[in-house]
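Trainee: Supplied in C-alpha cells, the structure appears directly below.
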Amino acid sequence: MRWLLGWFGALFGLLLVGVVLAGVGLWALYAHYAADLPEHAQLATYEPPIASRIYAADGRFLAEYAREQRVFVPIDAIPQRVKDAFIAAEDQNYHRHFGVDPQGVLGAAIDNVERWRDDRRPRGASTITQQVAKNFLLTNELSFERKIKEAFLAMKLERTLGKERILELYLNEIYLGARAYGVAAAAQNYFSKALDELTLAETAFLAGLPQAPSLYDPEDNPEGAIVRRRYVLERMRADGYIDDAAYAQADAEPIELRARSRDEVAVGDYFAEEVRRRMAEEYGAVDLYEAGFAVRTTLDNELQAFADEALRNGLFAYDRQYGFRGAVVQVEIGDDWRTALTRARKPGRLGGSWHYAIVRGTEGGDAQIGLDDGREGVLRADDLAWARPRDGNGRLGPAPRAAGDILAEGDVIIVSEVEEGRFGLRHVPRVSGAVVALDPNTGRVLALSGGFSFGTSQFNRATQALRQPGSAFKPFVYLSALEYGYTPQTVIDDAPISLSQGPGLPLWEPQNYSGQYYGPAAMRVGLERSRNLMTVRLAQNVGMANVMELAERFGIERGLTPYLAASLGSNEVDLLSLTSAYGAFANGGREVRPHVIDRIQDRYGQTIVTNEPRACRACTDVAYAPGQLPPVIVDQREQLADPRHTYQITSMLQGVIQRGTGVRAAELGRPLAGKTGTTNDSKDAWFIGFSPDLVIGVYVGFDQPRSLGRRATGSSVALPIWIEVMEHALDGVPARPFAVPPGLKLMLVGSGKGRILEAFVAGTEPGSGYAFAGGYASQRSGTDTPSVNRGASVGVSAGGLY
C-alpha cells in the first residue's frame, strides 16, 4: 500500500512539475510575443467600412457605393436565431471558453489524425474570438507564430471587449461570398431580405458559408451547399437551438436565391452617377465608399422610366432615317438560346419596352426571336422596311424584303414591343441627347437621363455637355425687354439689318430661319415665331449688358458675351442649368436651386443634410390645438424677376405652343409653355417647356458636334421627346392654369381668329396713356433707371435659328 501511495505521489509530483513547466513555458511564450502583439483597444470603438446606399424618393433602392459590400447591424438588432446558427456552426463553446477553446483544440487534434491518414484537409479549432483577432489585427499567414499571437490576442479581447461586442464584430465583418461582408449584406445579396425576414433554412445556409464561401455557392455547387446547410442544422439541433420538427422542415426546403424584383429597385443610372459625383465632391471618395451614408434622392422612379423610354424612342426615331446599323453582336446559339443571349456581350441596360433579343431563325420571311426576359416573339418582315443596310462605303441599300436579308441566326439585336408578341427592330443610335425634369417650386430634380445608355457611355449630357442653346436663349432677351419697359404688344420691325463687326470685317446680316422678312409685328410674335431679326433689334435697343445681367441672375453664366450674336444663343450652357432657369418662369420669378439629394443620414440614422428651400420652424411642433391654422412656410428663395414680367414671358411662351414653333405640343390640351432651340447648321436641338408644376428640358445632338441635317430643328427632333415625357407625367393630373400675379391687367387684343388675351402691367395697357420712353424699368427694385449700353457690339455670328 505504501509503495502505491509513493507511486501516486511521484506521479502527482511529475504532473505538478509538468503544470509548472507548462505555465513557465506559456509565460515565456507570452513574454516573447507580448511586445509584438498589435494594439487592440481600437476594436472597442471600431466602425467597419460600410456601403453608402442611394434610394429613390419613394424609398426604393437605386444604387450602392462601396469597396466591400457591408451593412453594419448592431448586435441587439441581429435576430437571436442568426447568432445561434453561427455559434453552432463555428464555435459551439463560444459562451463557455475564454477566447481559446481547449476542448475544441483537443477534438480537432484527434480528428486531424484521421484526416491526415485520409489525405484530407485538416480541421481548424479557431474560436470566433480568434477569428476576430486574426481578421482585424493579424494577417492570414500560416505559421506557428501567428497562431500563438492569435491565441494571446483572443484571450485579451475576451477580457476587454466581452462576448457581445466580439460577436457583433464577427457577424458584421465575416466574408460570406457574393461580394458580401457581414450577415446583413449576405442576406440581401443571396435572398434580398433583411435579417429578420430570413427563414431557418436560409439562416443555416448563411452560417455554413464562413469556412469556404465559394465552395458552398449554391449556383456552382448546389449539392455541397445542401450538405453544408444540413451540417449547420444538425449542430443547431444538437445544441438545443431547434427541435426535430424545425430541423426536418428546414432541411426539406430548397435553396432558392432571389434577386431584387423590378418593383423593389429604382432605375436611373445617370441620376445615380450624378448623386455619386456630388457626394464625392462634398465628402470625398473615402467617406462615400466607407462611411455608410443613406441618401434619399429626389428621383421619381416612374417619371425617370418615362424619360428614359422617351429619349430612347426619340433618338432612334431620328437615327432610323440613316438605315439599320446591324446586330449588336453575333454568337453561336448552341442548344440553349437563353444561355447564349445571357452570355453575349451587350452595350448596357435598356429597360422599358426595349429588350435584347437573339435571332433563332428567319423562316417564312419573318424572324423568330428570343428575348432577354425569356419570352419568344416574331419580327415581321413588313415591319423592317426602314432597316435598309449600308454597304462598305456607307451608302444605303434597298429595303429588305425578308428578315433574312439583314438578319441571321445568332444575331443579338435590340427590339421594342409594339404589341403583344410583336416586336419592332431597333439599334443603338449614334446621335445622343438628354432629358431633365424638375419641380420649379422646390428645385427637386425628378428625372435625369444623360444619354441612350449608361453602359454605352457614362458621359452625362444633362450636366456635363456644354452646348449652344440657340433660340432657347431668346426668352431672356424678351424678359430683359419687359424690364426695360416694353410690353408684349410693343411693335418691333422684322426687316433686314446690317451691323458692323469692326474694322476690316464684313457687315453682319442675320437672317430669319425662313430667309424671309415679315415687317412690323407685336413683340410676342417675335418670340412665338422665333424671329431672329426682331430678337437682334430688341437686344440692340435694350443693351446686351442688361441681357447678360438678367441671364446671370437666372444662373446662365458660361460664355456670355456683350455681342449681339449672343442674343441668338451663342453662349454655352448645360441642359440642367437651362431647364432650371426656365423653372423661374414657371414659379413666378423665384430662384430655382436644382438638387438631386433630399436627405443624407449617417450610419447611425442621424440626418446630417436636408434640402428644403422653404423654412418651416413650426413644422416639427406636433402640439397643435384643434382648429389651429397650419404653420407658415417661409420662402427663402431669391426673387430673380418681377412676377408680373415672368407671367408675361410665360404667356408669350404659351403662345409658342398655341401658335408658334412648338405648336405640336398643343395636342396635349394643357396649359403649357415652352421654347424650341436650334443652333447654326442644326448642330444642337432643344425644347424646354413647363406646366405650372413641372419643367422638362430636352437636348439632342452629337457628342462630336456636327449637323443633324438641314431639316432638323428643335421642333422636329427634341419636341417629340418632350411631348412623350410630359404626356406621361401629366396623365391623371388635373389641369391647372398658370397663376396670375397681382398688378396685371388681362385684355383682349387683336381681331378675328388672332384675338388673344394679353397680360399688361397695370398702367401700360392700351388706353392707359402709357408711352414707352425707352427707359430701363427695374420692376424688382421699384425704380426706373436709364438704359445702359444702348448700342452693343455684334461679335461673331453664331447661335440660334429656330
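Residues are named by chain letter and number: chains run A, B, ... in the order of the C-alpha cells, numbers start at 1 in each chain, and ligands are numbered from 1 in the order shown.
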Near A:Ala56, counting only C-alpha atoms, which residues have an atom at most 8 Å away, once you skip same-chain residues fewer than 6 positions from it, shown as a list in words?
Mentor: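 My reading of the contact set: Leu62, Ala266, Arg296, Thr297, Thr298, Leu299, Asp300 and Asn301 of chain A.
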Trainee: From a DSSP pass on the backbone, collect the residues of stretch 375-513 of chain A flagged as alpha helix (DSSP H) and hand them back as a PDB file with all heavy atoms, in the first residue's frame.
Mentor:
ATOM      1  N   LYS A 474     -33.623  82.916 -76.230  1.00  0.00           N
ATOM      2  CA  LYS A 474     -34.352  84.143 -76.541  1.00  0.00           C
ATOM      3  C   LYS A 474     -35.285  84.646 -75.435  1.00  0.00           C
ATOM      4  O   LYS A 474     -35.448  85.867 -75.279  1.00  0.00           O
ATOM      5  CB  LYS A 474     -35.124  83.966 -77.842  1.00  0.00           C
ATOM      6  CG  LYS A 474     -34.234  83.930 -79.081  1.00  0.00           C
ATOM      7  CD  LYS A 474     -35.039  83.693 -80.355  1.00  0.00           C
ATOM      8  CE  LYS A 474     -34.127  83.640 -81.578  1.00  0.00           C
ATOM      9  NZ  LYS A 474     -34.875  83.312 -82.812  1.00  0.00           N
ATOM     10  N   PRO A 475     -35.960  83.785 -74.662  1.00  0.00           N
ATOM     11  CA  PRO A 475     -36.827  84.318 -73.605  1.00  0.00           C
ATOM     12  C   PRO A 475     -36.135  85.284 -72.649  1.00  0.00           C
ATOM     13  O   PRO A 475     -36.785  86.191 -72.114  1.00  0.00           O
ATOM     14  CB  PRO A 475     -37.298  83.053 -72.877  1.00  0.00           C
ATOM     15  CG  PRO A 475     -37.278  81.995 -73.926  1.00  0.00           C
ATOM     16  CD  PRO A 475     -36.070  82.314 -74.764  1.00  0.00           C
ATOM     17  N   PHE A 476     -34.837  85.131 -72.465  1.00  0.00           N
ATOM     18  CA  PHE A 476     -34.132  86.031 -71.552  1.00  0.00           C
ATOM     19  C   PHE A 476     -33.937  87.408 -72.187  1.00  0.00           C
ATOM     20  O   PHE A 476     -33.898  88.416 -71.496  1.00  0.00           O
ATOM     21  CB  PHE A 476     -32.803  85.394 -71.131  1.00  0.00           C
ATOM     22  CG  PHE A 476     -33.000  84.050 -70.495  1.00  0.00           C
ATOM     23  CD1 PHE A 476     -32.801  82.879 -71.222  1.00  0.00           C
ATOM     24  CD2 PHE A 476     -33.413  83.946 -69.180  1.00  0.00           C
ATOM     25  CE1 PHE A 476     -33.013  81.642 -70.651  1.00  0.00           C
ATOM     26  CE2 PHE A 476     -33.623  82.712 -68.593  1.00  0.00           C
ATOM     27  CZ  PHE A 476     -33.434  81.554 -69.335  1.00  0.00           C
ATOM     28  N   VAL A 477     -33.817  87.443 -73.510  1.00  0.00           N
ATOM     29  CA  VAL A 477     -33.778  88.728 -74.211  1.00  0.00           C
ATOM     30  C   VAL A 477     -35.117  89.426 -74.073  1.00  0.00           C
ATOM     31  O   VAL A 477     -35.195  90.637 -73.759  1.00  0.00           O
ATOM     32  CB  VAL A 477     -33.437  88.521 -75.702  1.00  0.00           C
ATOM     33  CG1 VAL A 477     -33.462  89.852 -76.449  1.00  0.00           C
ATOM     34  CG2 VAL A 477     -32.077  87.841 -75.858  1.00  0.00           C
ATOM     35  N   TYR A 478     -36.202  88.693 -74.243  1.00  0.00           N
ATOM     36  CA  TYR A 478     -37.539  89.288 -74.188  1.00  0.00           C
ATOM     37  C   TYR A 478     -37.919  89.681 -72.754  1.00  0.00           C
ATOM     38  O   TYR A 478     -38.590  90.692 -72.544  1.00  0.00           O
ATOM     39  CB  TYR A 478     -38.554  88.321 -74.790  1.00  0.00           C
ATOM     40  CG  TYR A 478     -38.481  88.270 -76.298  1.00  0.00           C
ATOM     41  CD1 TYR A 478     -37.473  87.546 -76.944  1.00  0.00           C
ATOM     42  CD2 TYR A 478     -39.384  88.967 -77.088  1.00  0.00           C
ATOM     43  CE1 TYR A 478     -37.373  87.516 -78.324  1.00  0.00           C
ATOM     44  CE2 TYR A 478     -39.301  88.946 -78.476  1.00  0.00           C
ATOM     45  CZ  TYR A 478     -38.291  88.213 -79.084  1.00  0.00           C
ATOM     46  OH  TYR A 478     -38.200  88.208 -80.460  1.00  0.00           O
ATOM     47  N   LEU A 479     -37.480  88.902 -71.773  1.00  0.00           N
ATOM     48  CA  LEU A 479     -37.733  89.284 -70.383  1.00  0.00           C
ATOM     49  C   LEU A 479     -36.977  90.561 -70.043  1.00  0.00           C
ATOM     50  O   LEU A 479     -37.497  91.453 -69.350  1.00  0.00           O
ATOM     51  CB  LEU A 479     -37.322  88.154 -69.433  1.00  0.00           C
ATOM     52  CG  LEU A 479     -37.501  88.440 -67.937  1.00  0.00           C
ATOM     53  CD1 LEU A 479     -38.933  88.828 -67.601  1.00  0.00           C
ATOM     54  CD2 LEU A 479     -37.069  87.224 -67.116  1.00  0.00           C
ATOM     55  N   SER A 480     -35.757  90.687 -70.535  1.00  0.00           N
ATOM     56  CA  SER A 480     -34.993  91.915 -70.317  1.00  0.00           C
ATOM     57  C   SER A 480     -35.712  93.108 -70.941  1.00  0.00           C
ATOM     58  O   SER A 480     -35.734  94.205 -70.369  1.00  0.00           O
ATOM     59  CB  SER A 480     -33.584  91.757 -70.917  1.00  0.00           C
ATOM     60  OG  SER A 480     -32.785  92.874 -70.623  1.00  0.00           O
ATOM     61  N   ALA A 481     -36.338  92.898 -72.100  1.00  0.00           N
ATOM     62  CA  ALA A 481     -37.093  93.975 -72.744  1.00  0.00           C
ATOM     63  C   ALA A 481     -38.301  94.374 -71.916  1.00  0.00           C
ATOM     64  O   ALA A 481     -38.643  95.568 -71.817  1.00  0.00           O
ATOM     65  CB  ALA A 481     -37.522  93.542 -74.139  1.00  0.00           C
ATOM     66  N   LEU A 482     -38.974  93.404 -71.300  1.00  0.00           N
ATOM     67  CA  LEU A 482     -40.105  93.725 -70.429  1.00  0.00           C
ATOM     68  C   LEU A 482     -39.644  94.557 -69.238  1.00  0.00           C
ATOM     69  O   LEU A 482     -40.319  95.513 -68.823  1.00  0.00           O
ATOM     70  CB  LEU A 482     -40.780  92.437 -69.952  1.00  0.00           C
ATOM     71  CG  LEU A 482     -41.513  91.625 -71.023  1.00  0.00           C
ATOM     72  CD1 LEU A 482     -41.959  90.286 -70.458  1.00  0.00           C
ATOM     73  CD2 LEU A 482     -42.714  92.391 -71.579  1.00  0.00           C
ATOM     74  N   GLU A 483     -38.497  94.209 -68.648  1.00  0.00           N
ATOM     75  CA  GLU A 483     -37.951  95.004 -67.551  1.00  0.00           C
ATOM     76  C   GLU A 483     -37.534  96.396 -68.034  1.00  0.00           C
ATOM     77  O   GLU A 483     -37.560  97.356 -67.280  1.00  0.00           O
ATOM     78  CB  GLU A 483     -36.751  94.284 -66.920  1.00  0.00           C
ATOM     79  CG  GLU A 483     -37.116  93.018 -66.166  1.00  0.00           C
ATOM     80  CD  GLU A 483     -35.935  92.430 -65.413  1.00  0.00           C
ATOM     81  OE1 GLU A 483     -34.781  92.829 -65.709  1.00  0.00           O
ATOM     82  OE2 GLU A 483     -36.152  91.573 -64.531  1.00  0.00           O
ATOM     83  N   TYR A 484     -37.172  96.489 -69.296  1.00  0.00           N
ATOM     84  CA  TYR A 484     -36.739  97.747 -69.898  1.00  0.00           C
ATOM     85  C   TYR A 484     -37.907  98.686 -70.150  1.00  0.00           C
ATOM     86  O   TYR A 484     -37.728  99.892 -70.324  1.00  0.00           O
ATOM     87  CB  TYR A 484     -36.029  97.422 -71.223  1.00  0.00           C
ATOM     88  CG  TYR A 484     -35.348  98.574 -71.919  1.00  0.00           C
ATOM     89  CD1 TYR A 484     -34.122  99.049 -71.480  1.00  0.00           C
ATOM     90  CD2 TYR A 484     -35.933  99.164 -73.042  1.00  0.00           C
ATOM     91  CE1 TYR A 484     -33.481 100.077 -72.139  1.00  0.00           C
ATOM     92  CE2 TYR A 484     -35.303 100.198 -73.714  1.00  0.00           C
ATOM     93  CZ  TYR A 484     -34.074 100.650 -73.258  1.00  0.00           C
ATOM     94  OH  TYR A 484     -33.448 101.672 -73.921  1.00  0.00           O
TER      95      TYR A 484
END
Trainee: What residues in stretch 166-404 of chain A get the DSSP label strand (DSSP E or B)? Please answer as a ChimeraX atom specification.
Mentor: /A:175,180-181,265,291,294-297,329-330,351,354-361,367-371,376-379,390,396
Trainee: Just the number, please: distance in Å from atom CA of A:Tyr283 to atom CA of A:Ser52, one decimal.
Mentor: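 Computing it gives 11.8 Å between the two atoms.
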Trainee: Interatomic distance between atom CA of A:Glu290 and atom CA of A:Pro49?
Mentor: 4.2 Å
Trainee: Could you list, as a ChimeraX atom specification, every residue within 9 Å of A:Leu257, counting only C-alpha atoms and ignoring same-chain residues fewer than 5 positions away?
Mentor: /A:189-192,218-219
Trainee: Can you tell me, as a ChimeraX atom specification, what residues are no more than 12 Å from A:Glu376 when counting only C-alpha atoms, ignoring any on the same chain fewer than 3 positions away?
Mentor: /A:337-338,355-361,367-373,379,415,417,420-423
Trainee: For the residues in the current selection, export N, CA and C atoms as an mmCIF file, in the first residue's frame.
Mentor:
data_model
loop_
_atom_site.group_PDB
_atom_site.id
_atom_site.type_symbol
_atom_site.label_atom_id
_atom_site.label_comp_id
_atom_site.auth_asym_id
_atom_site.auth_seq_id
_atom_site.Cartn_x
_atom_site.Cartn_y
_atom_site.Cartn_z
ATOM 1 N N TRP A 337 -30.735 28.906 -76.484
ATOM 2 C CA TRP A 337 -30.622 30.301 -76.905
ATOM 3 C C TRP A 337 -30.621 31.262 -75.719
ATOM 4 N N ARG A 338 -31.294 30.875 -74.624
ATOM 5 C CA ARG A 338 -31.342 31.756 -73.446
ATOM 6 C C ARG A 338 -29.944 31.935 -72.846
ATOM 7 N N HIS A 355 -35.730 45.638 -75.346
ATOM 8 C CA HIS A 355 -35.129 44.386 -74.892
ATOM 9 C C HIS A 355 -34.007 43.968 -75.828
ATOM 10 N N TYR A 356 -33.065 43.209 -75.268
ATOM 11 C CA TYR A 356 -32.133 42.474 -76.117
ATOM 12 C C TYR A 356 -32.812 41.175 -76.547
ATOM 13 N N ALA A 357 -32.522 40.754 -77.763
ATOM 14 C CA ALA A 357 -33.111 39.515 -78.287
ATOM 15 C C ALA A 357 -32.078 38.815 -79.149
ATOM 16 N N ILE A 358 -32.312 37.537 -79.371
ATOM 17 C CA ILE A 358 -31.437 36.758 -80.233
ATOM 18 C C ILE A 358 -32.287 36.152 -81.345
ATOM 19 N N VAL A 359 -31.762 36.188 -82.561
ATOM 20 C CA VAL A 359 -32.478 35.629 -83.710
ATOM 21 C C VAL A 359 -32.331 34.114 -83.690
ATOM 22 N N ARG A 360 -33.474 33.435 -83.573
ATOM 23 C CA ARG A 360 -33.487 31.968 -83.517
ATOM 24 C C ARG A 360 -33.647 31.344 -84.898
ATOM 25 N N GLY A 361 -34.126 32.148 -85.853
ATOM 26 C CA GLY A 361 -34.327 31.651 -87.202
ATOM 27 C C GLY A 361 -34.992 32.724 -88.051
ATOM 28 N N ALA A 367 -38.589 36.904 -88.694
ATOM 29 C CA ALA A 367 -37.502 36.447 -87.815
ATOM 30 C C ALA A 367 -38.096 35.965 -86.507
ATOM 31 N N GLN A 368 -37.739 34.746 -86.112
ATOM 32 C CA GLN A 368 -38.167 34.215 -84.828
ATOM 33 C C GLN A 368 -37.102 34.586 -83.795
ATOM 34 N N ILE A 369 -37.527 35.219 -82.718
ATOM 35 C CA ILE A 369 -36.571 35.764 -81.749
ATOM 36 C C ILE A 369 -36.883 35.274 -80.346
ATOM 37 N N GLY A 370 -35.849 35.277 -79.503
ATOM 38 C CA GLY A 370 -35.989 35.030 -78.077
ATOM 39 C C GLY A 370 -35.512 36.248 -77.321
ATOM 40 N N LEU A 371 -36.246 36.650 -76.275
ATOM 41 C CA LEU A 371 -35.967 37.888 -75.556
ATOM 42 C C LEU A 371 -35.196 37.638 -74.271
ATOM 43 N N ASP A 372 -34.591 38.710 -73.749
ATOM 44 C CA ASP A 372 -33.795 38.597 -72.527
ATOM 45 C C ASP A 372 -34.637 38.299 -71.293
ATOM 46 N N ASP A 373 -35.962 38.426 -71.383
ATOM 47 C CA ASP A 373 -36.818 38.069 -70.253
ATOM 48 C C ASP A 373 -37.399 36.669 -70.397
ATOM 49 N N LEU A 379 -40.362 39.019 -85.353
ATOM 50 C CA LEU A 379 -40.123 40.264 -86.093
ATOM 51 C C LEU A 379 -40.708 40.054 -87.492
ATOM 52 N N VAL A 415 -34.805 45.097 -79.680
ATOM 53 C CA VAL A 415 -36.179 45.185 -80.159
ATOM 54 C C VAL A 415 -37.014 45.971 -79.154
ATOM 55 N N GLU A 417 -41.242 46.252 -78.003
ATOM 56 C CA GLU A 417 -42.547 45.632 -78.169
ATOM 57 C C GLU A 417 -43.562 46.650 -78.665
ATOM 58 N N GLU A 420 -48.596 42.973 -78.182
ATOM 59 C CA GLU A 420 -48.281 41.713 -77.519
ATOM 60 C C GLU A 420 -47.772 40.664 -78.515
ATOM 61 N N GLY A 421 -46.549 40.193 -78.274
ATOM 62 C CA GLY A 421 -45.954 39.167 -79.102
ATOM 63 C C GLY A 421 -45.347 39.666 -80.397
ATOM 64 N N ARG A 422 -45.476 40.959 -80.680
ATOM 65 C CA ARG A 422 -44.949 41.516 -81.929
ATOM 66 C C ARG A 422 -43.949 42.617 -81.583
ATOM 67 N N PHE A 423 -42.828 42.593 -82.270
ATOM 68 C CA PHE A 423 -41.738 43.473 -81.896
ATOM 69 C C PHE A 423 -41.211 44.229 -83.109
#
Trainee: Give me the residues within 9 Å of A:Val82 as number ranges by chain, counting only C-alpha atoms and dropping any in the same chain fewer than 6 places off.
Mentor: A: 183, 195-196, 198, 200, 203-204, 206-207
Trainee: Go ahead and write the residues just picked, all heavy atoms, as a short mmCIF file (atom, residue, chain, number, x, y, z; two decimals), in the first residue's frame.
Mentor:
data_model
loop_
_atom_site.label_atom_id
_atom_site.label_comp_id
_atom_site.auth_asym_id
_atom_site.auth_seq_id
_atom_site.Cartn_x
_atom_site.Cartn_y
_atom_site.Cartn_z
N VAL A 183 -23.36 39.51 -42.15
CA VAL A 183 -24.58 38.73 -42.37
C VAL A 183 -25.68 39.55 -43.04
O VAL A 183 -26.47 39.02 -43.84
CB VAL A 183 -25.10 38.14 -41.05
CG1 VAL A 183 -24.16 37.06 -40.55
CG2 VAL A 183 -25.28 39.24 -39.99
N LEU A 195 -32.43 40.70 -42.16
CA LEU A 195 -32.10 39.56 -41.30
C LEU A 195 -33.33 38.97 -40.62
O LEU A 195 -33.44 37.75 -40.47
CB LEU A 195 -31.08 40.01 -40.24
CG LEU A 195 -29.66 40.27 -40.74
CD1 LEU A 195 -28.80 40.82 -39.61
CD2 LEU A 195 -29.03 39.00 -41.30
N ASP A 196 -34.26 39.82 -40.21
CA ASP A 196 -35.43 39.30 -39.51
C ASP A 196 -36.45 38.66 -40.44
O ASP A 196 -37.48 38.16 -39.99
CB ASP A 196 -36.09 40.41 -38.68
CG ASP A 196 -36.51 41.61 -39.52
OD1 ASP A 196 -36.29 41.58 -40.75
OD2 ASP A 196 -37.04 42.58 -38.94
N LEU A 198 -35.37 36.28 -42.73
CA LEU A 198 -34.78 35.01 -43.15
C LEU A 198 -35.51 33.83 -42.52
O LEU A 198 -35.89 33.87 -41.34
CB LEU A 198 -33.31 34.95 -42.76
CG LEU A 198 -32.35 35.92 -43.45
CD1 LEU A 198 -30.97 35.83 -42.81
CD2 LEU A 198 -32.27 35.64 -44.95
N LEU A 200 -35.40 29.75 -41.27
CA LEU A 200 -34.37 28.96 -40.58
C LEU A 200 -33.41 28.35 -41.59
O LEU A 200 -32.19 28.35 -41.38
CB LEU A 200 -35.03 27.86 -39.74
CG LEU A 200 -34.09 26.82 -39.12
CD1 LEU A 200 -33.08 27.50 -38.19
CD2 LEU A 200 -34.90 25.76 -38.37
N THR A 203 -31.06 31.01 -42.90
CA THR A 203 -30.10 31.37 -41.85
C THR A 203 -29.01 30.31 -41.75
O THR A 203 -27.81 30.63 -41.65
CB THR A 203 -30.82 31.52 -40.51
OG1 THR A 203 -31.85 32.51 -40.61
CG2 THR A 203 -29.84 31.92 -39.41
N ALA A 204 -29.40 29.04 -41.76
CA ALA A 204 -28.42 27.95 -41.67
C ALA A 204 -27.49 27.94 -42.88
O ALA A 204 -26.29 27.66 -42.75
CB ALA A 204 -29.14 26.61 -41.55
N LEU A 206 -26.48 30.57 -44.61
CA LEU A 206 -25.50 31.65 -44.42
C LEU A 206 -24.47 31.25 -43.36
O LEU A 206 -23.27 31.55 -43.52
CB LEU A 206 -26.21 32.94 -44.01
CG LEU A 206 -27.15 33.56 -45.04
CD1 LEU A 206 -27.75 34.85 -44.47
CD2 LEU A 206 -26.43 33.84 -46.34
N ALA A 207 -24.92 30.60 -42.30
CA ALA A 207 -23.99 30.21 -41.22
C ALA A 207 -22.99 29.16 -41.68
O ALA A 207 -21.94 28.99 -41.05
CB ALA A 207 -24.78 29.69 -40.02
#
Trainee: Counting only C-alpha atoms, which residues of stretch 407-516 of chain A sit at most 12 Å from some atom of stretch 607-612 of chain A, and what is each one's closest atom pair with its distance in Å to one decimal, listed by chain and rising residue number, as a Markdown table?
Mentor:
| residue | atom | partner | partner_atom | distance |
| --- | --- | --- | --- | --- |
| A:Asn441 | CA | A:Glu612 | CA | 10.5 |
| A:Thr442 | CA | A:Glu612 | CA | 7.2 |
| A:Gly443 | CA | A:Glu612 | CA | 8.9 |
| A:Arg444 | CA | A:Asn611 | CA | 8.9 |
| A:Val445 | CA | A:Asn611 | CA | 11.7 |
Trainee: Please, could you write that set of residues out with N, CA, C and O atoms as a PDB file, in the first residue's frame?
Mentor:
ATOM      1  N   ASN A 441     -40.970  74.568 -58.123  1.00  0.00           N
ATOM      2  CA  ASN A 441     -41.275  75.176 -56.825  1.00  0.00           C
ATOM      3  C   ASN A 441     -40.295  74.763 -55.738  1.00  0.00           C
ATOM      4  O   ASN A 441     -40.159  75.463 -54.736  1.00  0.00           O
ATOM      5  N   THR A 442     -39.613  73.638 -55.930  1.00  0.00           N
ATOM      6  CA  THR A 442     -38.662  73.164 -54.920  1.00  0.00           C
ATOM      7  C   THR A 442     -37.260  72.973 -55.463  1.00  0.00           C
ATOM      8  O   THR A 442     -36.306  72.871 -54.684  1.00  0.00           O
ATOM      9  N   GLY A 443     -37.099  72.865 -56.780  1.00  0.00           N
ATOM     10  CA  GLY A 443     -35.803  72.569 -57.372  1.00  0.00           C
ATOM     11  C   GLY A 443     -35.450  71.098 -57.368  1.00  0.00           C
ATOM     12  O   GLY A 443     -34.340  70.727 -57.766  1.00  0.00           O
ATOM     13  N   ARG A 444     -36.383  70.243 -56.941  1.00  0.00           N
ATOM     14  CA  ARG A 444     -36.101  68.801 -56.894  1.00  0.00           C
ATOM     15  C   ARG A 444     -36.028  68.251 -58.312  1.00  0.00           C
ATOM     16  O   ARG A 444     -36.972  68.374 -59.087  1.00  0.00           O
ATOM     17  N   VAL A 445     -34.891  67.640 -58.647  1.00  0.00           N
ATOM     18  CA  VAL A 445     -34.721  67.010 -59.959  1.00  0.00           C
ATOM     19  C   VAL A 445     -35.417  65.654 -59.899  1.00  0.00           C
ATOM     20  O   VAL A 445     -34.996  64.755 -59.177  1.00  0.00           O
TER      21      VAL A 445
END
Trainee: To one decimal in Å, tell me the separation between atom CA of A:Ala584 and atom CA of A:Gln636.
Mentor: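 Those two atoms sit 14.1 Å apart.
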Trainee: For each of A:Ala294, A:Val656, A:Ala85, A:Ala280, take the minimum atom-to-atom distance to A:Arg229, counting only C-alpha atoms, then give the residue where this is smallest.
Mentor: A:Ala85
Trainee: Which residue out of A:Leu527, A:Ala194, A:Ile556, A:Leu341 has the minimum interatomic distance to A:Asp494 when only C-alpha atoms are used?
Mentor: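 Counting only C-alpha atoms, the residue closest to A:Asp494 is A:Leu527.
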Trainee: Could you list, as a compact mmCIF listing (two decimals) with C-alpha atoms, in the first residue's frame, every residue within 9 Å of A:Ala66, counting only C-alpha atoms and ignoring same-chain residues fewer than 3 positions away?
Mentor:
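As written to disk, part-v3.txt reads:
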# COMPACT_ATOMS: atom_id res chain seq x y z
CA PRO A 49 -16.32 50.49 -43.58
CA ILE A 50 -19.94 50.41 -44.72
CA ALA A 51 -21.51 50.86 -48.13
CA SER A 52 -23.33 54.09 -48.87
CA ARG A 53 -26.76 53.28 -50.22
CA GLN A 69 -20.46 45.32 -49.58
CA ARG A 70 -21.33 45.56 -45.90
CA LEU A 288 -18.57 57.92 -49.86
CA TYR A 289 -17.37 54.32 -50.11
CA GLU A 290 -16.86 53.60 -46.40
CA GLY A 292 -22.29 54.19 -44.66
